[in-house]
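Engineer: Got coords-v9.cif for you, mmCIF, C-alpha atoms:
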```
data_my_file
loop_
_atom_site.label_atom_id
_atom_site.label_comp_id
_atom_site.auth_asym_id
_atom_site.auth_seq_id
_atom_site.Cartn_x
_atom_site.Cartn_y
_atom_site.Cartn_z
CA MET A 1 0.00 0.00 0.00
CA ARG A 2 1.25 3.48 -0.82
CA ARG A 3 0.36 5.25 2.44
CA LEU A 4 2.22 3.83 5.41
CA TRP A 5 1.37 6.71 7.71
CA ILE A 6 -2.29 6.01 8.27
CA GLY A 7 -3.75 9.02 10.05
CA ILE A 8 -0.87 11.47 9.47
CA PRO A 9 -2.10 14.11 7.04
CA TRP A 10 -0.49 17.06 5.33
CA VAL A 11 -2.28 19.45 7.67
CA LEU A 12 0.58 21.78 8.53
CA ALA A 13 -0.80 23.71 5.58
CA LEU A 14 -4.31 23.60 7.03
CA TRP A 15 -3.30 25.01 10.38
CA SER A 16 -0.74 27.59 9.19
CA ILE A 17 -2.59 29.46 6.42
CA PRO A 18 -4.06 32.82 7.49
CA LEU A 19 -7.83 32.57 7.35
CA ALA A 20 -10.51 35.10 6.54
CA PRO A 21 -12.32 36.85 9.39
CA THR A 22 -15.20 34.90 10.88
CA GLU A 23 -18.61 36.17 9.80
CA ALA A 24 -22.09 35.32 11.02
CA VAL A 25 -23.82 33.36 8.28
CA GLY A 26 -27.34 32.07 7.87
CA TYR A 27 -28.20 28.42 7.42
CA ASP A 28 -28.93 28.77 3.70
CA THR A 29 -25.69 30.61 3.10
CA LEU A 30 -23.77 28.02 5.07
CA ARG A 31 -25.30 25.16 3.08
CA GLU A 32 -24.62 26.94 -0.21
CA THR A 33 -20.99 27.54 0.76
CA VAL A 34 -20.37 23.99 1.95
CA THR A 35 -22.05 22.52 -1.13
CA ARG A 36 -19.86 24.58 -3.45
CA LEU A 37 -16.70 23.57 -1.59
CA VAL A 38 -17.69 19.89 -1.69
CA ASP A 39 -18.40 20.09 -5.44
CA ASP A 40 -15.07 21.80 -6.09
CA ARG A 41 -13.02 19.28 -4.13
CA LEU A 42 -14.82 16.21 -5.46
CA ALA A 43 -14.24 17.37 -9.03
CA LEU A 44 -10.49 17.00 -8.39
CA ALA A 45 -10.73 13.67 -6.59
CA GLY A 46 -11.78 11.23 -9.31
CA PRO A 47 -14.33 8.42 -8.78
CA GLY A 48 -16.13 8.25 -5.47
CA SER A 49 -18.17 10.47 -3.21
CA LEU A 50 -17.67 13.08 -0.51
CA VAL A 51 -19.95 13.61 2.49
CA VAL A 52 -19.39 16.58 4.80
CA GLY A 53 -21.11 17.35 8.10
CA VAL A 54 -20.86 20.79 9.70
CA ILE A 55 -21.88 22.33 13.01
CA HIS A 56 -21.71 26.12 13.22
CA ASP A 57 -23.32 28.37 15.82
CA GLY A 58 -25.65 25.58 16.91
CA ARG A 59 -26.81 24.69 13.39
CA SER A 60 -25.83 21.45 11.66
CA LEU A 61 -26.06 20.19 8.11
CA VAL A 62 -24.85 17.36 5.89
CA VAL A 63 -23.91 17.66 2.23
CA GLY A 64 -23.17 14.64 0.04
CA ARG A 65 -22.02 14.53 -3.56
CA GLY A 66 -20.67 11.98 -6.05
CA ASP A 67 -21.10 8.23 -6.40
CA SER A 68 -20.78 6.25 -3.19
CA GLY A 69 -21.34 2.89 -4.92
CA ARG A 70 -23.78 1.85 -2.18
CA PRO A 71 -25.22 -1.60 -2.92
CA ASP A 72 -28.69 -0.29 -2.11
CA GLY A 73 -28.32 2.40 -4.76
CA GLY A 74 -28.72 5.19 -2.22
CA PRO A 75 -27.08 8.60 -2.55
CA PRO A 76 -24.06 9.74 -0.54
CA ASP A 77 -25.66 11.24 2.55
CA GLY A 78 -25.50 11.29 6.33
CA ARG A 79 -26.35 7.58 6.54
CA THR A 80 -23.71 6.38 4.06
CA VAL A 81 -21.18 4.14 5.84
CA PHE A 82 -17.44 4.73 5.41
CA GLN A 83 -14.29 3.30 6.92
CA ILE A 84 -13.09 6.13 9.16
CA ALA A 85 -9.54 4.82 9.63
CA SER A 86 -7.58 6.70 12.30
CA LEU A 87 -10.58 8.71 13.39
CA THR A 88 -10.87 5.61 15.58
CA LYS A 89 -8.03 6.87 17.79
CA PRO A 90 -9.97 9.64 19.57
CA PHE A 91 -12.60 7.03 20.47
CA THR A 92 -9.86 4.93 22.05
CA GLY A 93 -8.59 7.99 23.91
CA THR A 94 -12.09 8.68 25.22
CA ILE A 95 -12.40 5.10 26.45
CA MET A 96 -9.12 5.61 28.31
CA ALA A 97 -10.51 8.84 29.81
CA GLU A 98 -13.60 7.00 31.04
CA LEU A 99 -11.48 4.33 32.73
CA MET A 100 -9.34 7.03 34.30
CA ARG A 101 -12.40 8.86 35.62
CA SER A 102 -13.80 5.67 37.10
CA GLY A 103 -10.51 4.86 38.82
CA ARG A 104 -9.69 1.76 36.77
CA LEU A 105 -6.38 3.17 35.61
CA ASP A 106 -4.21 6.29 35.55
CA ALA A 107 -2.45 7.89 32.60
CA SER A 108 0.88 7.48 34.39
CA ASP A 109 0.40 3.74 34.92
CA PRO A 110 3.20 1.65 33.41
CA LEU A 111 1.95 -0.47 30.55
CA GLU A 112 3.16 -3.66 32.19
CA ARG A 113 0.73 -3.14 35.08
CA HIS A 114 -2.18 -3.87 32.76
CA LEU A 115 -0.73 -5.79 29.82
CA THR A 116 0.09 -8.93 31.77
CA ARG A 117 -0.50 -11.25 28.81
CA VAL A 118 2.72 -9.98 27.20
CA PRO A 119 5.76 -11.88 28.56
CA HIS A 120 7.97 -8.79 28.53
CA VAL A 121 7.06 -5.11 28.10
CA PRO A 122 10.08 -3.13 26.88
CA ASP A 123 11.49 -0.20 28.80
CA TYR A 124 14.39 2.16 28.26
CA GLU A 125 17.06 1.77 30.95
CA GLY A 126 14.33 1.18 33.52
CA ARG A 127 12.03 3.94 32.23
CA PRO A 128 8.69 2.26 31.46
CA ILE A 129 6.14 2.91 28.76
CA ARG A 130 3.17 4.63 30.39
CA LEU A 131 -0.39 4.57 29.11
CA ARG A 132 -0.13 8.31 28.41
CA ASP A 133 2.83 7.63 26.12
CA LEU A 134 0.75 5.27 24.00
CA ALA A 135 -2.19 7.67 23.76
CA THR A 136 0.10 10.51 22.62
CA HIS A 137 2.46 8.64 20.24
CA THR A 138 5.47 9.19 22.51
CA ALA A 139 6.08 5.60 23.65
CA GLY A 140 9.06 5.10 21.36
CA LEU A 141 7.27 2.48 19.25
CA PRO A 142 7.36 2.44 15.43
CA ASN A 143 4.35 3.03 13.22
CA VAL A 144 3.82 -0.65 12.46
CA PRO A 145 5.45 -3.85 13.77
CA GLU A 146 7.70 -6.18 11.83
CA THR A 147 6.83 -9.82 12.44
CA PRO A 148 7.65 -13.10 10.66
CA ARG A 149 4.25 -12.94 8.93
CA PHE A 150 3.89 -9.18 8.52
CA SER A 151 6.28 -6.67 7.01
CA TRP A 152 5.46 -3.47 5.15
CA SER A 153 8.26 -4.26 2.69
CA ARG A 154 6.78 -7.65 1.69
CA LEU A 155 3.02 -7.45 1.97
CA ASP A 156 0.99 -10.50 1.00
CA ASP A 157 -1.80 -8.29 -0.35
CA PRO A 158 -1.02 -4.57 -0.67
CA ARG A 159 -4.74 -3.87 -1.12
CA ASN A 160 -5.49 -5.39 2.31
CA PRO A 161 -2.15 -5.20 4.10
CA TYR A 162 -3.03 -5.77 7.77
CA LYS A 163 -5.28 -8.80 7.35
CA PRO A 164 -2.62 -11.44 8.28
CA LEU A 165 -1.43 -9.58 11.40
CA THR A 166 -2.79 -11.11 14.61
CA ARG A 167 -3.01 -9.85 18.18
CA ASP A 168 -0.72 -12.67 19.34
CA GLU A 169 1.90 -11.64 16.79
CA VAL A 170 1.78 -8.06 18.04
CA ALA A 171 2.21 -9.29 21.62
CA THR A 172 5.20 -11.43 20.64
CA TRP A 173 6.71 -8.55 18.67
CA LEU A 174 6.31 -6.16 21.60
CA SER A 175 8.01 -8.61 23.96
CA GLY A 176 11.12 -8.61 21.81
CA TYR A 177 11.21 -4.93 20.85
CA SER A 178 13.98 -2.63 22.12
CA LEU A 179 13.02 1.00 22.63
CA PRO A 180 15.40 3.38 20.80
CA VAL A 181 14.53 6.40 23.00
CA PRO A 182 13.09 6.99 26.46
CA PRO A 183 9.28 6.90 26.49
CA GLY A 184 7.74 10.34 26.71
CA SER A 185 10.63 12.12 25.01
CA ARG A 186 9.93 11.91 21.27
CA PHE A 187 6.81 12.14 19.11
CA ARG A 188 6.56 9.34 16.57
CA TYR A 189 3.16 8.44 15.18
CA SER A 190 2.42 4.81 15.97
CA ASN A 191 -0.52 2.74 14.79
CA VAL A 192 0.77 -0.24 16.72
CA GLY A 193 1.11 1.89 19.85
CA MET A 194 -2.60 2.70 19.77
CA ALA A 195 -3.35 -0.98 19.19
CA VAL A 196 -1.29 -1.86 22.27
CA LEU A 197 -3.19 0.79 24.23
CA GLY A 198 -6.44 -0.89 23.21
CA GLU A 199 -5.15 -4.17 24.61
CA ALA A 200 -4.25 -2.46 27.89
CA LEU A 201 -7.70 -0.87 28.17
CA THR A 202 -9.30 -4.25 27.57
CA ALA A 203 -7.14 -5.84 30.26
CA ALA A 204 -7.81 -3.06 32.77
CA SER A 205 -11.58 -3.22 32.29
CA GLY A 206 -11.99 -6.96 31.86
CA VAL A 207 -14.17 -6.56 28.76
CA SER A 208 -13.49 -6.39 25.03
CA TYR A 209 -12.66 -3.22 23.13
CA GLU A 210 -15.93 -3.56 21.25
CA THR A 211 -17.88 -3.65 24.54
CA LEU A 212 -15.98 -0.63 25.84
CA LEU A 213 -16.74 1.27 22.66
CA LYS A 214 -20.46 0.63 23.05
CA ARG A 215 -20.57 1.49 26.75
CA VAL A 216 -18.49 4.65 26.60
CA VAL A 217 -19.50 6.15 23.26
CA THR A 218 -21.81 4.54 20.75
CA ASP A 219 -24.68 3.43 23.01
CA ARG A 220 -24.36 6.56 25.12
CA PHE A 221 -24.80 8.88 22.14
CA GLY A 222 -27.05 6.77 19.95
CA MET A 223 -24.36 6.13 17.33
CA ARG A 224 -25.89 3.00 15.83
CA ASP A 225 -23.76 3.00 12.67
CA THR A 226 -20.37 3.36 14.38
CA SER A 227 -18.99 -0.15 14.68
CA LEU A 228 -16.11 -2.52 14.11
CA ARG A 229 -18.43 -4.96 12.34
CA LEU A 230 -21.26 -4.13 9.97
CA THR A 231 -24.67 -5.73 9.74
CA ALA A 232 -26.09 -6.73 6.36
CA GLU A 233 -28.27 -3.62 6.40
CA GLN A 234 -25.28 -1.36 7.09
CA ARG A 235 -23.27 -3.03 4.31
CA ALA A 236 -26.06 -2.13 1.92
CA ARG A 237 -25.38 1.53 2.81
CA LYS A 238 -21.58 1.29 2.69
CA ALA A 239 -19.54 3.28 0.19
CA VAL A 240 -17.10 1.39 -2.03
CA GLY A 241 -13.49 2.48 -1.56
CA HIS A 242 -11.48 3.77 -4.52
CA ALA A 243 -7.76 4.14 -5.22
CA ARG A 244 -6.25 5.33 -8.49
CA GLY A 245 -9.62 5.24 -10.15
CA ARG A 246 -10.44 1.65 -9.21
CA ALA A 247 -12.64 0.04 -6.59
CA VAL A 248 -10.63 -1.55 -3.77
CA PRO A 249 -11.59 -3.75 -0.78
CA ASP A 250 -11.99 -2.52 2.78
CA TRP A 251 -8.99 -3.03 5.00
CA GLU A 252 -9.29 -5.79 7.58
CA ALA A 253 -7.10 -5.31 10.63
CA PRO A 254 -7.94 -7.73 13.45
CA ALA A 255 -4.89 -6.70 15.48
CA MET A 256 -5.35 -2.93 14.97
CA GLN A 257 -9.02 -2.33 15.71
CA SER A 258 -8.46 0.28 18.42
CA SER A 259 -6.12 2.12 16.06
CA PHE A 260 -8.08 2.34 12.81
CA GLY A 261 -10.81 -0.30 12.77
CA LEU A 262 -14.06 1.69 12.84
CA TYR A 263 -16.83 2.30 10.34
CA SER A 264 -19.18 5.26 10.77
CA THR A 265 -21.42 7.81 9.07
CA ALA A 266 -21.56 11.60 8.94
CA ASP A 267 -24.79 11.55 10.98
CA ASP A 268 -23.14 9.50 13.72
CA LEU A 269 -20.00 11.62 13.75
CA LEU A 270 -22.07 14.78 14.05
CA ARG A 271 -23.58 13.25 17.19
CA TRP A 272 -20.03 12.62 18.44
CA LEU A 273 -19.03 16.20 17.62
CA HIS A 274 -22.11 17.67 19.31
CA ALA A 275 -21.16 15.74 22.45
CA ASN A 276 -17.56 16.95 22.30
CA LEU A 277 -18.87 20.51 21.95
CA GLY A 278 -20.81 19.95 25.18
CA ASP A 279 -24.25 19.39 23.62
CA CYS A 280 -25.03 15.73 24.12
CA PRO A 281 -27.68 14.51 21.67
CA ASN A 282 -30.75 12.68 22.85
CA VAL A 283 -30.73 9.08 21.68
CA GLY A 284 -33.15 8.68 18.78
CA GLU A 285 -32.79 12.22 17.42
CA THR A 286 -30.64 13.01 14.40
CA ASN A 287 -27.82 15.56 14.28
CA THR A 288 -29.06 17.68 17.18
CA GLY A 289 -27.40 18.88 20.33
CA LYS A 290 -29.72 19.11 23.32
CA GLY A 291 -28.20 21.10 26.11
CA GLY A 292 -25.38 20.01 28.34
CA CYS A 293 -24.08 16.50 28.90
CA GLU A 294 -24.61 14.46 32.05
CA ALA A 295 -21.90 15.29 34.59
CA GLY A 296 -19.95 12.03 34.29
CA THR A 297 -20.06 12.09 30.51
CA ALA A 298 -18.95 15.73 30.44
CA ALA A 299 -16.04 14.90 32.74
CA THR A 300 -14.92 12.02 30.53
CA LEU A 301 -15.04 14.13 27.36
CA ALA A 302 -13.19 17.00 29.04
CA LEU A 303 -10.48 14.63 30.22
CA ALA A 304 -10.14 13.13 26.74
CA GLN A 305 -9.72 16.64 25.32
CA SER A 306 -7.14 17.76 27.89
CA VAL A 307 -3.58 18.30 26.67
CA GLN A 308 -1.27 15.51 27.79
CA VAL A 309 1.85 16.28 25.75
CA ASP A 310 2.99 19.66 24.40
CA GLY A 311 5.32 19.38 21.41
CA ARG A 312 7.18 22.47 22.58
CA ARG A 313 8.26 20.60 25.71
CA LEU A 314 9.41 17.37 24.10
CA ALA A 315 13.09 16.69 23.61
CA ASP A 316 12.22 15.70 20.04
CA PRO A 317 8.79 16.91 18.89
CA GLY A 318 9.31 15.53 15.39
CA ALA A 319 6.31 16.12 13.14
CA LEU A 320 4.21 17.31 16.09
CA GLY A 321 6.12 20.59 16.12
CA ALA A 322 4.45 23.20 18.32
CA GLY A 323 1.20 21.24 18.37
CA ALA A 324 0.03 19.08 21.23
CA MET A 325 -1.65 15.76 21.98
CA ALA A 326 -4.71 15.07 24.10
CA LEU A 327 -5.92 11.48 24.59
CA GLY A 328 -6.00 10.31 20.99
CA TRP A 329 -6.73 13.83 19.69
CA PHE A 330 -4.25 16.13 18.00
CA VAL A 331 -4.42 19.70 19.31
CA ALA A 332 -3.67 22.86 17.37
CA TRP A 333 -4.03 26.43 18.61
CA ALA A 334 -6.32 29.18 17.34
CA ALA A 335 -5.12 32.80 17.30
CA ASP A 336 -6.66 33.43 20.72
CA GLY A 337 -4.86 30.41 22.20
CA THR A 338 -7.92 28.16 22.39
CA PRO A 339 -7.57 24.55 21.23
CA ILE A 340 -8.68 23.06 17.93
CA LEU A 341 -8.94 19.28 18.24
CA TRP A 342 -8.65 17.14 15.14
CA HIS A 343 -7.70 13.86 13.56
CA SER A 344 -7.32 12.51 10.06
CA GLY A 345 -7.00 9.06 8.60
CA SER A 346 -6.94 6.91 5.49
CA THR A 347 -7.22 3.27 4.59
CA GLY A 348 -6.73 1.84 1.11
CA GLY A 349 -9.89 3.38 -0.37
CA PHE A 350 -11.08 5.95 2.17
CA ASN A 351 -10.00 9.31 3.62
CA ALA A 352 -11.59 10.94 6.66
CA TYR A 353 -11.08 14.08 8.72
CA ILE A 354 -12.66 15.49 11.87
CA ALA A 355 -12.02 18.78 13.69
CA PHE A 356 -13.75 21.02 16.19
CA SER A 357 -13.33 24.14 18.29
CA ARG A 358 -15.33 24.07 21.49
CA ALA A 359 -14.45 27.69 22.23
CA HIS A 360 -15.62 28.92 18.83
CA ARG A 361 -18.60 26.54 18.52
CA TRP A 362 -17.84 24.87 15.19
CA ALA A 363 -17.10 21.34 14.05
CA VAL A 364 -16.52 19.61 10.71
CA VAL A 365 -16.32 16.01 9.54
CA ALA A 366 -15.51 14.90 6.00
CA LEU A 367 -15.72 11.34 4.69
CA THR A 368 -14.77 10.21 1.20
CA ASN A 369 -14.34 6.99 -0.74
CA SER A 370 -12.30 8.74 -3.40
CA ASP A 371 -8.57 8.09 -3.83
CA PRO A 372 -7.05 8.56 -0.32
CA ASP A 373 -3.79 9.85 -1.80
CA ARG A 374 -5.70 12.96 -2.88
CA VAL A 375 -6.61 13.68 0.78
CA THR A 376 -9.92 15.13 -0.35
CA ALA A 377 -11.40 15.01 3.15
CA ASP A 378 -8.42 16.91 4.57
CA SER A 379 -8.69 19.52 1.82
CA VAL A 380 -12.38 20.27 2.15
CA VAL A 381 -12.08 20.61 5.94
CA ALA A 382 -9.29 23.15 5.36
CA ASP A 383 -11.57 25.05 2.99
CA ILE A 384 -14.40 25.14 5.51
CA VAL A 385 -12.30 26.00 8.55
CA ARG A 386 -10.90 29.00 6.69
CA ARG A 387 -14.41 30.39 6.94
CA PHE A 388 -14.71 29.70 10.66
CA GLU A 389 -11.36 30.81 12.08
CA ALA A 390 -10.01 34.34 11.84
CA ARG A 391 -6.33 33.47 11.92
CA PRO A 392 -5.25 30.21 13.59
CA GLU A 393 -1.52 30.68 13.93
CA VAL A 394 -0.88 27.12 14.84
CA ALA A 395 1.34 24.18 14.00
CA ALA A 396 0.18 20.60 13.59
CA VAL A 397 1.28 17.30 12.21
CA VAL A 398 2.46 16.65 8.66
CA GLN A 399 3.32 13.47 6.89
#
```
Just give me the structure of the file as structure tokens.
Structural biologist:
Amino acid sequence: MRRLWIGIPWVLALWSIPLAPTEAVGYDTLRETVTRLVDDRLALAGPGSLVVGVIHDGRSLVVGRGDSGRPDGGPPDGRTVFQIASLTKPFTGTIMAELMRSGRLDASDPLERHLTRVPHVPDYEGRPIRLRDLATHTAGLPNVPETPRFSWSRLDDPRNPYKPLTRDEVATWLSGYSLPVPPGSRFRYSNVGMAVLGEALTAASGVSYETLLKRVVTDRFGMRDTSLRLTAEQRARKAVGHARGRAVPDWEAPAMQSSFGLYSTADDLLRWLHANLGDCPNVGETNTGKGGCEAGTAATLALAQSVQVDGRRLADPGALGAGAMALGWFVAWAADGTPILWHSGSTGGFNAYIAFSRAHRWAVVALTNSDPDRVTADSVVADIVRRFEARPEVAAVVQ
């Protein structure tokens, strides 16, 4: 597969370009603007579709364009199912926040305290990997493991590269890995690190990652289409991934589910964004925020959004630069110093992007099954955010 760095976009450009002053806009104007931007970006992307959801000043909308290839023949809309790739990681971070709030674990816990099924958890001269290090890509682990059955340089099927990698192989690999740097000192984006974190959360809670996901997020917010496994009805609404103008299969990654295993829809992700903005939706209602969240839920979301690592304070910030990491969220800074939380991701045939500013009351999600190398989702979010932020002088992650 061409893109090794699943979830690392080109967004330094997004967060460093001066943006136009924010203006109050009506719903019709907002829809017209978003529709035009979606049409413009999709025209450059080749085969596929693009669905964008926006929240601005309490209003929300969804715009879909193109050909999703849904088996049921439906249009690209808020119910179209996409692989959301590394947008999974903030969900994993929020699960960690819930377990922290309930006292099941602490961010400073050494990994070996919870990951007892691994014979040996590596350290660096006695300095252990902490759970916080995994959630912020500072554990010292590589992006992907190298095992006897899995290597990025000799993939069995480049169109579905992670399928042969098992959880047991990852555990064996981790036992034999030697950390090149002290944990917590260097940013290095790691898909396998987030997968290991998922294993630790499962061990600490005593239930599967899938069960945690339902308890902490999807059942709580009525996100019925956000799942690791699709029903037959959901598959009928699923977009067909494209790469280089051709349809490609979904990625299967049994060992990496907590890193990039989720499917979702724009409608579901707008529910997730409403909650992260502090307006928890009522289960059964579509795309609406309804006042504040329950106290425990609000505390979990706030903890997940809290900065854990500041790139300016790392010995080696690498691609993180002057940005920061919350629990699974990247953090950039608006001109007034308030945080913009975001994540991006791609699998073989999909590209996705999510971002929000709680302080400025906007949020955007973009999902596409067009060629992921064209980062169409990243681009259209950049276009839209330029209309929401006056001048975010920030730095974020690049490829």
Engineer: Neighbours of Thr172 of chain A within 9 Å (all atoms listed in the file; same-chain residues fewer than 6 positions away dropped), as a short mmCIF file (atom, residue, chain, number, x, y, z; two decimals) with C-alpha atoms, in the coordinates of the input?
Structural biologist:
```
data_model
loop_
_atom_site.label_atom_id
_atom_site.label_comp_id
_atom_site.auth_asym_id
_atom_site.auth_seq_id
_atom_site.Cartn_x
_atom_site.Cartn_y
_atom_site.Cartn_z
CA VAL A 118 2.72 -9.98 27.20
CA PRO A 119 5.76 -11.88 28.56
CA HIS A 120 7.97 -8.79 28.53
CA THR A 147 6.83 -9.82 12.44
#
```
Engineer: Rounded to one decimal in Å, what is the spacing between atom CA of Thr116 of chain A and atom CA of Gly176 of chain A?
Structural biologist: 14.9 Å
Engineer: Do you know which residues are at most 10 Å from Arg101 of chain A counting all atoms listed in the file, after dropping those on the same chain fewer than 6 positions away, and could you put them as a ChimeraX atom specification?
Structural biologist: /A:95,296-297,299-300,303
Engineer: Could you spell out the hits of the PyMOL selection byres ((chain A and resi 369) around 6) on the shown file, as a tab-separated table (two decimals) with C-alpha atoms, keeping the file's coordinate frame?
Structural biologist:
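Saved result, expr-v3.tsv, follows:
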```tsv
chain	number	residue	atom	x	y	z
A	48	GLY	CA	-16.13	8.25	-5.47
A	49	SER	CA	-18.17	10.47	-3.21
A	241	GLY	CA	-13.49	2.48	-1.56
A	242	HIS	CA	-11.48	3.77	-4.52
A	349	GLY	CA	-9.89	3.38	-0.37
A	350	PHE	CA	-11.08	5.95	2.17
A	368	THR	CA	-14.77	10.21	1.20
A	370	SER	CA	-12.30	8.74	-3.40
```
Engineer: So the first atom is atom CA of Asn276 of chain A and the second is atom CA of His137 of chain A; what is the distance between them in Å, to one decimal place?
Structural biologist: 21.8 Å
Engineer: Fewer than 5 positions away in the same chain doesn't count, so skip those; otherwise give me all residues within 9 Å of Glu146 of chain A, counting only C-alpha atoms, as a list in words.
Structural biologist: Ser151, Trp152, Val170 and Trp173 of chain A
Engineer: For this file, the PyMOL selection byres ((chain A and resi 130) around 7) selects which residues, as a count of residues only?
Structural biologist: 11
Engineer: I want to know what sits within 8 Å of segment 351-361 of chain A, based on all atoms listed in the file, with residues of the same chain fewer than 2 positions away left out; could you give that as a PyMOL selection string?
Structural biologist: chain A and resi 55-58+84-85+87+273+276-278+338-347+349+363-372+375-378+381
Engineer: Can you list, as number ranges by chain, the residues that the PyMOL selection byres ((chain A and resi 59-70) around 6) selects here?
Structural biologist: A: 48-58, 71-74, 76-77, 237-240
Engineer: Which residue gives the smallest distance to Ser190 of chain A among A:Leu228, A:Cys293, A:Leu212, A:Leu141, with only C-alpha atoms counted?
Structural biologist: A:Leu141
Engineer: Would you please work out which residue, of A:Gly245, A:Gly93, A:Pro183, A:Pro148, is nearest to Ala195 of chain A when using all atoms listed in the file?
Structural biologist: A:Gly93
Engineer: Find, counting only C-alpha atoms, the residue in A:Asp310, A:Glu252, A:Glu98, A:Asp28 that gets nearest to Asn160 of chain A.
Structural biologist: A:Glu252
Engineer: Pick from A:His274, A:Lys214, A:Arg386, A:Arg235: nearest to Phe82 of chain A, with only C-alpha atoms counted?
Structural biologist: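 Closest candidate: A:Arg235.
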Engineer: Using all atoms listed in the file, I'd like a table of the residues in segment 7-112 of chain A that come within 7 Å of segment 328-333 of chain A; for each, show the closest atom pair and its distance in Å rounded to one decimal, ordered by chain and ascending number, as JSON lines.
Structural biologist:
```
{"residue": "A:Lys89", "atom": "CA", "partner": "A:Gly328", "partner_atom": "CA", "distance": 5.1}
{"residue": "A:Pro90", "atom": "CA", "partner": "A:Gly328", "partner_atom": "CA", "distance": 4.3}
{"residue": "A:Thr92", "atom": "CA", "partner": "A:Gly328", "partner_atom": "CA", "distance": 6.7}
{"residue": "A:Gly93", "atom": "CA", "partner": "A:Gly328", "partner_atom": "CA", "distance": 4.5}
```
Engineer: Pick from A:Leu270, A:Ala255, A:Ala335, A:Val81: nearest to Glu199 of chain A, with all atoms listed in the file counted?
Structural biologist: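 Smallest separation from Glu199 of chain A among the options: A:Ala255.
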Engineer: Between A:Leu327, A:Ala243, A:Leu179, A:Val207, which is the closest to Ala45 of chain A once you count all atoms listed in the file?
Structural biologist: A:Ala243
Engineer: How far is it from atom CA of Asp225 of chain A to atom CA of Val248 of chain A, in Å with one decimal?
Structural biologist: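 Distance between the two atoms: 21.5 Å.
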Engineer: So which residues touch Val217 of chain A within 9 Å, counting all atoms listed in the file, skipping near sequence neighbours fewer than 3 positions away, as an mmCIF file with C-alpha atoms, in the frame of the given file?
Structural biologist:
```
data_model
loop_
_atom_site.group_PDB
_atom_site.id
_atom_site.type_symbol
_atom_site.label_atom_id
_atom_site.label_comp_id
_atom_site.auth_asym_id
_atom_site.auth_seq_id
_atom_site.Cartn_x
_atom_site.Cartn_y
_atom_site.Cartn_z
ATOM 1 C CA PHE A 91 -12.600 7.030 20.470
ATOM 2 C CA THR A 94 -12.090 8.680 25.220
ATOM 3 C CA ILE A 95 -12.400 5.100 26.450
ATOM 4 C CA LEU A 212 -15.980 -0.630 25.840
ATOM 5 C CA LEU A 213 -16.740 1.270 22.660
ATOM 6 C CA LYS A 214 -20.460 0.630 23.050
ATOM 7 C CA ARG A 220 -24.360 6.560 25.120
ATOM 8 C CA PHE A 221 -24.800 8.880 22.140
ATOM 9 C CA GLY A 222 -27.050 6.770 19.950
ATOM 10 C CA MET A 223 -24.360 6.130 17.330
ATOM 11 C CA TRP A 272 -20.030 12.620 18.440
#
```
Engineer: Show me the residues close to (-25.8, 11.8, 6.7) - anything with an atom within 7 Å, counting all atoms listed in the file - and format the list as a PyMOL selection string.
Structural biologist: chain A and resi 62+77-80+265-267
